[in-house]
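**Q** Contents are mmCIF, C-alpha atoms; file name query-v9.cif:
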```cif
data_entry
loop_
_atom_site.group_PDB
_atom_site.id
_atom_site.type_symbol
_atom_site.label_atom_id
_atom_site.label_comp_id
_atom_site.auth_asym_id
_atom_site.auth_seq_id
_atom_site.Cartn_x
_atom_site.Cartn_y
_atom_site.Cartn_z
ATOM 1 C CA MET A 177 0.000 0.000 0.000
ATOM 2 C CA ALA A 178 1.211 3.453 -0.934
ATOM 3 C CA HIS A 179 0.385 7.062 -0.175
ATOM 4 C CA TYR A 180 -0.267 9.675 -2.865
ATOM 5 C CA ASP A 181 -0.525 13.453 -2.608
ATOM 6 C CA LEU A 182 -2.632 14.243 -5.678
ATOM 7 C CA LYS A 183 -4.398 17.118 -7.304
ATOM 8 C CA THR A 184 -7.929 16.150 -8.283
ATOM 9 C CA SER A 185 -6.979 17.030 -11.876
ATOM 10 C CA GLN A 186 -4.397 14.195 -11.763
ATOM 11 C CA LEU A 187 -6.825 11.431 -10.836
ATOM 12 C CA ARG A 188 -7.521 10.354 -14.421
ATOM 13 C CA ASP A 189 -3.777 9.749 -14.850
ATOM 14 C CA TYR A 190 -3.648 7.751 -11.600
ATOM 15 C CA VAL A 191 -6.913 5.798 -11.904
ATOM 16 C CA ASN A 192 -5.023 2.643 -12.956
ATOM 17 C CA VAL A 193 -2.177 3.217 -10.496
ATOM 18 C CA LEU A 194 -4.242 3.557 -7.323
ATOM 19 C CA LYS A 195 -4.923 0.291 -5.515
ATOM 20 C CA ALA A 196 -7.363 -0.634 -2.782
ATOM 21 C CA GLY A 197 -5.690 0.217 0.509
ATOM 22 C CA ASP A 198 -3.684 3.188 -0.781
ATOM 23 C CA THR A 199 -4.074 6.435 1.121
ATOM 24 C CA VAL A 200 -4.547 9.715 -0.713
ATOM 25 C CA SER A 201 -4.424 13.400 0.165
ATOM 26 C CA LEU A 202 -6.478 15.272 -2.435
ATOM 27 C CA THR A 203 -6.099 18.922 -3.368
ATOM 28 C CA GLY A 204 -8.384 20.636 -5.870
ATOM 29 C CA THR A 205 -12.069 20.658 -6.777
ATOM 30 C CA VAL A 206 -14.551 18.235 -5.231
ATOM 31 C CA TYR A 207 -18.340 18.384 -5.630
ATOM 32 C CA THR A 208 -20.756 17.333 -2.902
ATOM 33 C CA ALA A 209 -23.908 15.456 -3.859
ATOM 34 C CA ARG A 210 -26.164 13.051 -2.030
ATOM 35 C CA ASP A 211 -29.070 10.936 -3.276
ATOM 36 C CA ALA A 212 -31.578 13.783 -3.813
ATOM 37 C CA ALA A 213 -29.039 15.704 -5.913
ATOM 38 C CA HIS A 214 -28.046 12.551 -7.813
ATOM 39 C CA LYS A 215 -31.684 11.962 -8.711
ATOM 40 C CA LYS A 216 -31.922 15.495 -10.139
ATOM 41 C CA ILE A 217 -28.613 15.155 -12.017
ATOM 42 C CA LEU A 218 -29.700 11.888 -13.648
ATOM 43 C CA ALA A 219 -33.097 13.371 -14.574
ATOM 44 C CA ALA A 220 -31.305 16.316 -16.216
ATOM 45 C CA LEU A 221 -29.014 13.962 -18.147
ATOM 46 C CA GLU A 222 -31.966 11.870 -19.328
ATOM 47 C CA ALA A 223 -33.802 15.033 -20.457
ATOM 48 C CA GLY A 224 -30.731 16.301 -22.311
ATOM 49 C CA GLU A 225 -30.477 19.271 -19.973
ATOM 50 C CA GLU A 226 -27.407 20.871 -18.493
ATOM 51 C CA VAL A 227 -26.011 19.391 -15.273
ATOM 52 C CA PRO A 228 -24.472 21.397 -12.412
ATOM 53 C CA PHE A 229 -20.844 20.479 -13.155
ATOM 54 C CA GLU A 230 -18.700 18.832 -15.808
ATOM 55 C CA ILE A 231 -19.018 15.112 -15.098
ATOM 56 C CA GLN A 232 -15.910 14.159 -17.094
ATOM 57 C CA ASP A 233 -13.052 13.617 -14.608
ATOM 58 C CA SER A 234 -15.171 14.856 -11.699
ATOM 59 C CA VAL A 235 -14.716 13.936 -8.056
ATOM 60 C CA VAL A 236 -17.957 13.638 -6.090
ATOM 61 C CA TYR A 237 -18.039 13.483 -2.309
ATOM 62 C CA TYR A 238 -21.199 12.019 -0.823
ATOM 63 C CA ALA A 239 -21.741 14.589 1.906
ATOM 64 C CA GLY A 240 -24.281 17.117 3.117
ATOM 65 C CA PRO A 241 -22.132 19.642 4.959
ATOM 66 C CA THR A 242 -23.642 21.469 7.890
ATOM 67 C CA PRO A 243 -23.783 25.274 7.878
ATOM 68 C CA ALA A 244 -20.563 27.052 8.742
ATOM 69 C CA LYS A 245 -20.171 28.819 12.065
ATOM 70 C CA PRO A 246 -18.845 32.385 11.980
ATOM 71 C CA GLY A 247 -15.248 32.405 10.758
ATOM 72 C CA GLN A 248 -15.501 28.940 9.144
ATOM 73 C CA VAL A 249 -15.702 27.981 5.471
ATOM 74 C CA ILE A 250 -17.911 24.976 6.165
ATOM 75 C CA GLY A 251 -19.485 23.118 9.070
ATOM 76 C CA ALA A 252 -18.979 19.415 9.698
ATOM 77 C CA CYS A 253 -18.463 17.610 6.422
ATOM 78 C CA GLY A 254 -18.526 13.867 7.023
ATOM 79 C CA PRO A 255 -19.361 11.219 4.421
ATOM 80 C CA THR A 256 -22.781 9.690 3.982
ATOM 81 C CA THR A 257 -23.582 6.079 3.106
ATOM 82 C CA SER A 258 -22.514 5.553 -0.489
ATOM 83 C CA GLY A 259 -24.893 2.694 -1.231
ATOM 84 C CA ARG A 260 -27.697 5.242 -1.549
ATOM 85 C CA MET A 261 -25.993 6.519 -4.712
ATOM 86 C CA ASP A 262 -25.624 3.037 -6.265
ATOM 87 C CA PRO A 263 -28.674 3.407 -8.572
ATOM 88 C CA PHE A 264 -27.116 6.557 -10.112
ATOM 89 C CA SER A 265 -23.373 5.891 -10.048
ATOM 90 C CA PRO A 266 -22.934 3.552 -13.056
ATOM 91 C CA THR A 267 -24.374 6.224 -15.387
ATOM 92 C CA LEU A 268 -22.127 8.948 -13.980
ATOM 93 C CA ILE A 269 -19.081 6.688 -14.204
ATOM 94 C CA GLU A 270 -19.942 5.915 -17.838
ATOM 95 C CA LYS A 271 -20.156 9.696 -18.446
ATOM 96 C CA GLY A 272 -16.597 10.077 -17.121
ATOM 97 C CA GLN A 273 -16.722 10.524 -13.360
ATOM 98 C CA VAL A 274 -13.284 9.496 -12.099
ATOM 99 C CA CYS A 275 -13.705 9.361 -8.315
ATOM 100 C CA MET A 276 -16.397 8.906 -5.691
ATOM 101 C CA ILE A 277 -15.831 9.499 -1.987
ATOM 102 C CA GLY A 278 -18.148 8.281 0.757
ATOM 103 C CA LYS A 279 -18.397 5.442 3.221
ATOM 104 C CA GLY A 280 -19.488 1.835 3.001
ATOM 105 C CA VAL A 281 -19.627 -0.927 0.441
ATOM 106 C CA ARG A 282 -20.894 -0.449 -3.141
ATOM 107 C CA ASN A 283 -22.929 -2.863 -5.243
ATOM 108 C CA GLN A 284 -21.623 -5.015 -8.081
ATOM 109 C CA ALA A 285 -23.023 -2.750 -10.827
ATOM 110 C CA VAL A 286 -20.959 0.158 -9.473
ATOM 111 C CA HIS A 287 -17.853 -2.019 -9.193
ATOM 112 C CA ASP A 288 -18.340 -3.297 -12.764
ATOM 113 C CA ALA A 289 -18.719 0.264 -14.120
ATOM 114 C CA MET A 290 -15.578 1.339 -12.254
ATOM 115 C CA GLN A 291 -13.562 -1.380 -13.972
ATOM 116 C CA LYS A 292 -15.103 -0.812 -17.405
ATOM 117 C CA TYR A 293 -14.747 2.982 -17.499
ATOM 118 C CA GLY A 294 -11.914 3.683 -15.052
ATOM 119 C CA CYS A 295 -13.003 5.081 -11.694
ATOM 120 C CA VAL A 296 -11.924 4.772 -8.072
ATOM 121 C CA TYR A 297 -13.981 4.776 -4.924
ATOM 122 C CA MET A 298 -12.444 6.257 -1.807
ATOM 123 C CA VAL A 299 -13.708 6.340 1.724
ATOM 124 C CA ALA A 300 -13.498 9.213 4.140
ATOM 125 C CA ILE A 301 -13.624 8.513 7.833
ATOM 126 C CA GLY A 302 -17.163 8.617 9.153
ATOM 127 C CA GLY A 303 -17.531 10.582 12.386
ATOM 128 C CA ALA A 304 -14.594 12.819 11.457
ATOM 129 C CA GLY A 305 -16.652 15.528 9.735
ATOM 130 C CA ALA A 306 -15.095 18.355 11.735
ATOM 131 C CA ILE A 307 -11.572 17.163 10.885
ATOM 132 C CA ILE A 308 -12.423 16.744 7.198
ATOM 133 C CA ALA A 309 -13.869 20.279 7.201
ATOM 134 C CA ASP A 310 -10.369 21.561 8.021
ATOM 135 C CA SER A 311 -9.266 20.593 4.502
ATOM 136 C CA VAL A 312 -11.971 22.732 2.819
ATOM 137 C CA ARG A 313 -10.648 26.113 1.650
ATOM 138 C CA SER A 314 -13.765 27.377 -0.165
ATOM 139 C CA LEU A 315 -17.373 26.412 -0.795
ATOM 140 C CA GLU A 316 -19.850 27.527 -3.440
ATOM 141 C CA VAL A 317 -23.396 26.220 -3.900
ATOM 142 C CA VAL A 318 -23.669 25.428 -7.622
ATOM 143 C CA ALA A 319 -27.108 23.789 -7.889
ATOM 144 C CA TYR A 320 -30.296 22.731 -6.168
ATOM 145 C CA ASP A 321 -30.182 25.289 -3.371
ATOM 146 C CA GLU A 322 -33.668 24.116 -2.385
ATOM 147 C CA LEU A 323 -32.077 20.892 -1.080
ATOM 148 C CA GLY A 324 -30.360 22.791 1.726
ATOM 149 C CA CYS A 325 -27.360 20.899 3.072
ATOM 150 C CA GLU A 326 -27.828 18.374 0.248
ATOM 151 C CA SER A 327 -27.421 20.976 -2.516
ATOM 152 C CA VAL A 328 -24.534 20.462 -4.934
ATOM 153 C CA LYS A 329 -21.518 22.372 -3.696
ATOM 154 C CA ARG A 330 -18.136 23.014 -5.274
ATOM 155 C CA LEU A 331 -15.460 22.612 -2.648
ATOM 156 C CA THR A 332 -11.845 23.588 -3.002
ATOM 157 C CA VAL A 333 -9.932 21.199 -0.779
ATOM 158 C CA GLU A 334 -6.343 20.936 0.352
ATOM 159 C CA ASN A 335 -4.949 17.642 1.659
ATOM 160 C CA PHE A 336 -8.376 16.010 1.922
ATOM 161 C CA PRO A 337 -7.669 12.590 3.512
ATOM 162 C CA ALA A 338 -9.134 9.467 1.902
ATOM 163 C CA ILE A 339 -8.459 5.754 1.468
ATOM 164 C CA VAL A 340 -8.910 3.919 -1.835
ATOM 165 C CA SER A 341 -11.382 1.187 -0.951
ATOM 166 C CA MET A 342 -12.301 -0.032 -4.445
ATOM 167 C CA ASP A 343 -9.999 0.385 -7.416
ATOM 168 C CA ALA A 344 -10.404 0.314 -11.191
ATOM 169 C CA GLN A 345 -8.755 -3.108 -11.446
ATOM 170 C CA GLY A 346 -11.383 -4.841 -9.284
ATOM 171 C CA GLY A 347 -9.571 -4.604 -5.955
ATOM 172 C CA SER A 348 -11.770 -4.060 -2.921
ATOM 173 C CA LEU A 349 -10.841 -3.599 0.726
ATOM 174 C CA TYR A 350 -14.267 -4.966 1.556
ATOM 175 C CA ALA A 351 -13.518 -8.278 -0.172
ATOM 176 C CA THR A 352 -9.917 -8.597 1.030
ATOM 177 C CA GLY A 353 -10.784 -7.489 4.559
ATOM 178 C CA ILE A 354 -13.476 -10.126 4.904
ATOM 179 C CA ALA A 355 -11.174 -12.813 3.457
ATOM 180 C CA GLU A 356 -8.345 -11.859 5.830
ATOM 181 C CA PHE A 357 -10.712 -11.874 8.809
ATOM 182 C CA ARG A 358 -12.011 -15.348 7.930
ATOM 183 C CA THR A 359 -8.503 -16.809 7.723
ATOM 184 C CA ALA A 360 -7.244 -15.153 10.940
ATOM 185 C CA ASP A 361 -7.192 -17.207 14.123
#
```
Take the structure in this file and express it as structure tokens.
**A**
Amino acid sequence: MAHYDLKTSQLRDYVNVLKAGDTVSLTGTVYTARDAAHKKILAALEAGEEVPFEIQDSVVYYAGPTPAKPGQVIGACGPTTSGRMDPFSPTLIEKGQVCMIGKGVRNQAVHDAMQKYGCVYMVAIGGAGAIIADSVRSLEVVAYDELGCESVKRLTVENFPAIVSMDAQGGSLYATGIAEFRTAD
């Protein structure tokens, strides 16, 4: 397992280098979107309408940040359960999304799309929303303001900590972790 300090704009170049278990510090642009926003994004795609951000090479963090306190850029910004985005993710991956960040296992359709189109899934540490917020340098709501904390936001992050949990070659910490646990005495 390796560690990478990467700009989000470099992820496409590293999608076949990153392996499950690698740690990453990301710097650059990350979009937040949860299930309500994903539903709207997919509806816009299906209708041939414009979407809130360029999907090609995008990084989407499954989070609904809390409002910022005075003097802060953002409130707590922990990951939400990624499985809720599974119905939408294969389409976004096919359209060029390069990275998803959340928590928890993904379904086989998402894993298959990741391998076919080149995408990585990273996890952020649940319960560490205040610590993750320290890596956010700016925030701008870009779409679906009516969704409140679940609106789509453009974050500029610096040294955002994440762990590659599923890679583009089919590696999965969830599969290897379970196998290692079963063989341990």
**Q** Can you work out which one of A:Asp321, A:Val296, A:Arg260, A:Ala209 has the shortest atom-to-atom distance to Gly280 (chain A), counting all atoms listed in the file?
**A**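 The answer is A:Arg260, which sits nearest to Gly280 (chain A).
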**Q** Evaluate the PyMOL selection byres ((chain A and resi 183) around 10) here and jot the selected residues down as JSON, numbers by chain.
**A** {"A": [180, 181, 182, 184, 185, 186, 187, 200, 201, 202, 203, 204, 205, 333, 334, 335]}
**Q** Need to verify the contact set: region 261-269 of chain A, 6 Å, only C-alpha atoms, exclusion of same-chain residues closer than 3 positions in sequence. Can you return it as a ChimeraX atom specification?
**A** /A:211,258,272-273,286,289
**Q** What does the structure give for the distance between CA of Ala239 (chain A) and CA of Arg330 (chain A), in Å to one decimal?
**A**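 Taking CA of Ala239 (chain A) as the start and CA of Arg330 (chain A) as the end point, the length is 11.6 Å.
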**Q** Could you please determine the separation between CA of Gly353 (chain A) and CA of Gly197 (chain A) in Å, to one decimal place?
**A**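 Those two atoms sit 10.1 Å apart.
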**Q** Ranking A:Ala178, A:Ile231, A:Val206, A:Ala351 by minimum distance to Arg282 (chain A) and counting only C-alpha atoms, which one comes first?
**A**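 For Arg282 (chain A), the nearest of the given residues is A:Ala351.
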**Q** Report the residues retrieved by the PyMOL selection byres ((chain A and resi 223-228) around 12) from the displayed file, expressed as a short mmCIF file (atom, residue, chain, number, x, y, z; two decimals) with C-alpha atoms, in the coordinates of the input.
**A**
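Generated file (out-v5.cif):
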```
data_model
loop_
_atom_site.label_atom_id
_atom_site.label_comp_id
_atom_site.auth_asym_id
_atom_site.auth_seq_id
_atom_site.Cartn_x
_atom_site.Cartn_y
_atom_site.Cartn_z
CA TYR A 207 -18.34 18.38 -5.63
CA THR A 208 -20.76 17.33 -2.90
CA ALA A 209 -23.91 15.46 -3.86
CA ALA A 213 -29.04 15.70 -5.91
CA HIS A 214 -28.05 12.55 -7.81
CA LYS A 215 -31.68 11.96 -8.71
CA LYS A 216 -31.92 15.50 -10.14
CA ILE A 217 -28.61 15.16 -12.02
CA LEU A 218 -29.70 11.89 -13.65
CA ALA A 219 -33.10 13.37 -14.57
CA ALA A 220 -31.30 16.32 -16.22
CA LEU A 221 -29.01 13.96 -18.15
CA GLU A 222 -31.97 11.87 -19.33
CA PHE A 229 -20.84 20.48 -13.16
CA GLU A 230 -18.70 18.83 -15.81
CA ILE A 231 -19.02 15.11 -15.10
CA GLN A 232 -15.91 14.16 -17.09
CA SER A 234 -15.17 14.86 -11.70
CA VAL A 236 -17.96 13.64 -6.09
CA LEU A 268 -22.13 8.95 -13.98
CA LYS A 271 -20.16 9.70 -18.45
CA GLU A 316 -19.85 27.53 -3.44
CA VAL A 317 -23.40 26.22 -3.90
CA VAL A 318 -23.67 25.43 -7.62
CA ALA A 319 -27.11 23.79 -7.89
CA TYR A 320 -30.30 22.73 -6.17
CA ASP A 321 -30.18 25.29 -3.37
CA SER A 327 -27.42 20.98 -2.52
CA VAL A 328 -24.53 20.46 -4.93
CA LYS A 329 -21.52 22.37 -3.70
CA ARG A 330 -18.14 23.01 -5.27
#
```
**Q** Have a look at A:Leu331, A:Ala212, A:Ala285, A:Val235 and name the one nearest to Arg188 (chain A); count all atoms listed in the file.
**A**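 When distances to Arg188 (chain A) are compared using all atoms listed in the file, the smallest one comes from A:Val235.
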**Q** Specify as number ranges by chain each residue included when the PyMOL selection byres ((chain A and resi 248-257) around 8) is applied to this file.
**A** A: 210, 237-247, 258-260, 277-280, 299-309, 312-315
